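Enquirer: Dropping the structure in here first, questions after.
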Amino acid sequence: MNQEQPRRPHSDQDPIKYGDVFGVSGDLADKPVAPEDAAMMQSAETRVLGKTQPRGAASFMQSAATQNEQAGLVGHRDVTDVAGDRGVTVTETQVPGRRIVTEAVGGQVVGQYVEPTPVQSGRAGAVRDIDITIGEALEATAQTAGGKPVDQSDAAAIQAAEVRATGSNVVSPGGLAAMAQSAAAYNADCKRDQEKIKLGDVLIAATAKIPADKAVTRQDAEGVASAEIRNNPDGTATPGGVAASVAAAARLNENVNV
């Protein structure tokens, strides 16, 4: 996870903002962390995970919100408009031997980590320690940004991910990259957002749609991010999108294998 320990405000004009604690961008980065935001994240963690996490997003948000409230910079019932309007979510994606937990505020990922889950491997209750694969990272994207219409930057990132997973530059007919390219082309001519093909439509069960798979590395993440950014007119990567999910998987794999 990318959180930093919240810092106490230096003055009455300097509340702890989301950008001080999490790797977020845009309008969310400039918003002060508010008590009701933290309460919503605590509720979401409890609902999905059964309890609040010791070093989850809710813990960091509560610490920052408490400091802001004690400094008189936010009220006890204050809620950030981004969190109130766009929501706070906690999702989990099950992969063999692990679950990927993703926490988001206003659609931007503020925490992503992996927890082991029991799998059968010769004896009851054994836990198998395996890396997150590219296919599994793409499936996680269906959770974090599944409602986003597929565009050319998404398709390019998905193709780069498939190439790295398979080791082949050939786009397989009917494969994941081909589906993404078709979706992007269709969406470019589609006027109504509700009728556009979404990332979740393409990336659900991604591991079954690519002919080969491999554990995500930092080099894979860099290649996918480069493809996504290069094909985005804004020159940025989508928060919680393909590149972000692959990068998160690479970091988690590195941490596990240290």
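Residue numbering restarts at 1 in every chain; chains get A, B, ... in the order shown in the structure tokens, and ligands count up from 1 in that same order.
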Region 126-234 of chain A: which residues are strand (DSSP E or B) by DSSP, as a list in words?

Expert: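 The residues of region 126-234 of chain A classed as strand (DSSP E or B) are Thr133, Pro149, Lys198 and Ala215 of chain A.
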
Enquirer: Keeping only all heavy atoms, write those residues as a short mmCIF file (atom, residue, chain, number, x, y, z; two decimals), in the first residue's frame.

Expert:
```
data_model
loop_
_atom_site.label_atom_id
_atom_site.label_comp_id
_atom_site.auth_asym_id
_atom_site.auth_seq_id
_atom_site.Cartn_x
_atom_site.Cartn_y
_atom_site.Cartn_z
N THR A 133 -0.74 -13.12 -11.20
CA THR A 133 -0.42 -13.16 -12.62
C THR A 133 -1.01 -11.94 -13.34
O THR A 133 -1.84 -11.21 -12.79
CB THR A 133 -0.98 -14.44 -13.26
OG1 THR A 133 -2.42 -14.38 -13.26
CG2 THR A 133 -0.52 -15.68 -12.51
N PRO A 149 -16.06 2.93 -19.79
CA PRO A 149 -16.09 2.52 -21.19
C PRO A 149 -14.69 2.31 -21.74
O PRO A 149 -13.78 3.10 -21.46
CB PRO A 149 -16.78 3.71 -21.90
CG PRO A 149 -17.57 4.38 -20.82
CD PRO A 149 -16.74 4.24 -19.57
N LYS A 198 -17.96 -1.81 -21.51
CA LYS A 198 -17.18 -1.40 -20.34
C LYS A 198 -16.00 -2.34 -20.12
O LYS A 198 -15.97 -3.48 -20.61
CB LYS A 198 -18.07 -1.40 -19.09
CG LYS A 198 -19.38 -0.62 -19.24
CD LYS A 198 -19.15 0.83 -19.55
CE LYS A 198 -20.41 1.68 -19.37
NZ LYS A 198 -21.51 1.29 -20.25
N ALA A 215 3.52 -14.50 -13.87
CA ALA A 215 3.54 -13.59 -12.73
C ALA A 215 3.92 -12.19 -13.18
O ALA A 215 4.78 -12.01 -14.04
CB ALA A 215 4.52 -14.09 -11.67
#
```

Enquirer: From the DSSP assignment of the backbone, select every residue of region 108-217 of chain A that is alpha helix (DSSP H), and format the answer as a ChimeraX atom specification.

Expert: /A:134-144,152-166,176-188,199-203

Enquirer: Quick one: residues within 9 Å of Gln62 (chain A), only C-alpha atoms counted, chain neighbours fewer than 2 positions away excluded, as a tab-separated table (two decimals) with N, CA and C atoms, in the first residue's frame?

Expert:
```tsv
chain	number	residue	atom	x	y	z
A	33	VAL	N	-9.10	15.32	4.37
A	33	VAL	CA	-9.72	14.08	4.82
A	33	VAL	C	-10.71	14.40	5.93
A	34	ALA	N	-11.97	14.02	5.76
A	34	ALA	CA	-13.04	14.38	6.69
A	34	ALA	C	-13.49	13.17	7.51
A	35	PRO	N	-14.02	13.41	8.72
A	35	PRO	CA	-14.43	12.31	9.59
A	35	PRO	C	-15.45	11.36	8.97
A	37	ASP	N	-15.86	10.69	5.87
A	37	ASP	CA	-15.18	9.87	4.85
A	37	ASP	C	-14.61	8.62	5.50
A	38	ALA	N	-13.90	8.84	6.62
A	38	ALA	CA	-13.29	7.72	7.34
A	38	ALA	C	-14.35	6.75	7.84
A	39	ALA	N	-15.47	7.29	8.34
A	39	ALA	CA	-16.54	6.43	8.83
A	39	ALA	C	-17.12	5.56	7.71
A	42	GLN	N	-14.62	2.81	7.03
A	42	GLN	CA	-14.68	1.80	8.09
A	42	GLN	C	-15.88	0.89	7.89
A	57	ALA	N	-7.10	1.42	4.50
A	57	ALA	CA	-7.35	2.83	4.18
A	57	ALA	C	-8.12	3.53	5.28
A	58	ALA	N	-9.09	2.82	5.90
A	58	ALA	CA	-9.90	3.44	6.95
A	58	ALA	C	-9.04	3.90	8.11
A	59	SER	N	-8.02	3.11	8.48
A	59	SER	CA	-7.14	3.47	9.59
A	59	SER	C	-6.39	4.76	9.31
A	60	PHE	N	-5.85	4.89	8.10
A	60	PHE	CA	-5.11	6.11	7.74
A	60	PHE	C	-6.06	7.30	7.62
A	64	ALA	N	-5.95	10.81	9.90
A	64	ALA	CA	-5.87	12.14	9.27
A	64	ALA	C	-7.08	12.99	9.64
A	65	ALA	N	-8.27	12.39	9.61
A	65	ALA	CA	-9.50	13.13	9.91
A	65	ALA	C	-9.50	13.60	11.37
A	66	THR	N	-9.01	12.76	12.28
A	66	THR	CA	-8.96	13.15	13.69
A	66	THR	C	-8.05	14.35	13.90
A	67	GLN	N	-6.89	14.34	13.23
A	67	GLN	CA	-5.97	15.47	13.35
A	67	GLN	C	-6.59	16.73	12.76
```

Enquirer: Need the shell around Leu49 (chain A): protein/DNA/RNA residues with any atom at most 10 Å away, counting only C-alpha atoms. Skip same-chain ones fewer than 4 positions apart. Format as a VMD selection string?

Expert: chain A and resid 43 to 45 53 90 to 92 101

Enquirer: Could you pull the residues within 12 Å of Ala29 (chain A), counting only C-alpha atoms, minus those fewer than 5 positions along the same chain, as a PyMOL selection string?

Expert: chain A and resi 15-24+80+82-83+105-106+108-110

Enquirer: So which residues touch region 219-224 of chain A within 6 Å, counting only C-alpha atoms, skipping near sequence neighbours fewer than 5 positions away, as a list in words?

Expert: Ala157, Ala160, Ala161, Ala243, Val246 and Ala247 of chain A

Enquirer: Would you put the residues from that selection into a file with C-alpha atoms, as a JSON list (two decimals), in the first residue's frame?

Expert:
```
[["chain", "number", "residue", "atom", "x", "y", "z"],
["A", 157, "ALA", "CA", -2.74, -1.40, -22.19],
["A", 160, "ALA", "CA", 0.57, -4.82, -23.92],
["A", 161, "ALA", "CA", -0.44, -6.96, -20.94],
["A", 243, "ALA", "CA", -1.90, 0.05, -15.72],
["A", 246, "VAL", "CA", -0.82, -4.31, -13.07],
["A", 247, "ALA", "CA", 1.51, -1.94, -11.18]]
```

Enquirer: May I have the residues within 9 Å of Gln143 (chain A) as an mmCIF file with C-alpha atoms, in the first residue's frame, using only C-alpha atoms and disregarding those fewer than 5 positions away in the same chain?

Expert:
```cif
data_model
loop_
_atom_site.group_PDB
_atom_site.id
_atom_site.type_symbol
_atom_site.label_atom_id
_atom_site.label_comp_id
_atom_site.auth_asym_id
_atom_site.auth_seq_id
_atom_site.Cartn_x
_atom_site.Cartn_y
_atom_site.Cartn_z
ATOM 1 C CA THR A 91 -13.880 -4.764 -3.235
ATOM 2 C CA GLU A 92 -12.138 -8.117 -3.214
ATOM 3 C CA THR A 93 -11.064 -10.318 -6.103
ATOM 4 C CA THR A 102 -8.960 -2.830 -3.342
ATOM 5 C CA GLY A 200 -15.720 -5.090 -16.801
ATOM 6 C CA ILE A 204 -14.161 -10.486 -16.456
ATOM 7 C CA GLY A 240 -7.663 2.093 -10.835
#
```

Enquirer: I need the residue nearest Ile132 (chain A) from this list: A:Ser172, A:Met40, A:Thr166, A:Ala250. Use only C-alpha atoms for the distance.

Expert: A:Ala250

Enquirer: In terms of the shortest atom-to-atom distance over only C-alpha atoms, which of A:Asp154, A:Asp85, A:Gly75, A:Glu254 is closest to Asn231 (chain A)?

Expert: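 Distance minimum relative to Asn231 (chain A) lands on A:Asp154.
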
Enquirer: Rank nothing, just name the residue among A:Thr89, A:Ser245, A:Asn255, A:Thr144 nearest to Thr46 (chain A), using only C-alpha atoms.

Expert: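 Checking each candidate against Thr46 (chain A), we get A:Thr89 as the closest.
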
Enquirer: Compare A:Pro233, A:Val216, A:Gly167, A:Gln152 by their minimum atom-to-atom distance to Ala185 (chain A), counting only C-alpha atoms, and give me the closest one.

Expert: A:Gln152

Enquirer: Ranking A:Gly135, A:Gly147, A:Gly174, A:Gly97 by minimum distance to Gln194 (chain A) and counting only C-alpha atoms, which one comes first?

Expert: A:Gly147

Enquirer: Hey, which of A:Gly72, A:Asn232, A:Ala104, A:Arg164 ends up closest to Thr217 (chain A)? Count only C-alpha atoms.

Expert: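 Nearest candidate to Thr217 (chain A) out of A:Gly72, A:Asn232, A:Ala104, A:Arg164: A:Arg164.
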
Enquirer: Quote the spacing between CA of Gln159 (chain A) and CA of Ala227 (chain A) in Å to one decimal place.

Expert: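 Rounded to one decimal, the two atoms are 8.6 Å apart.
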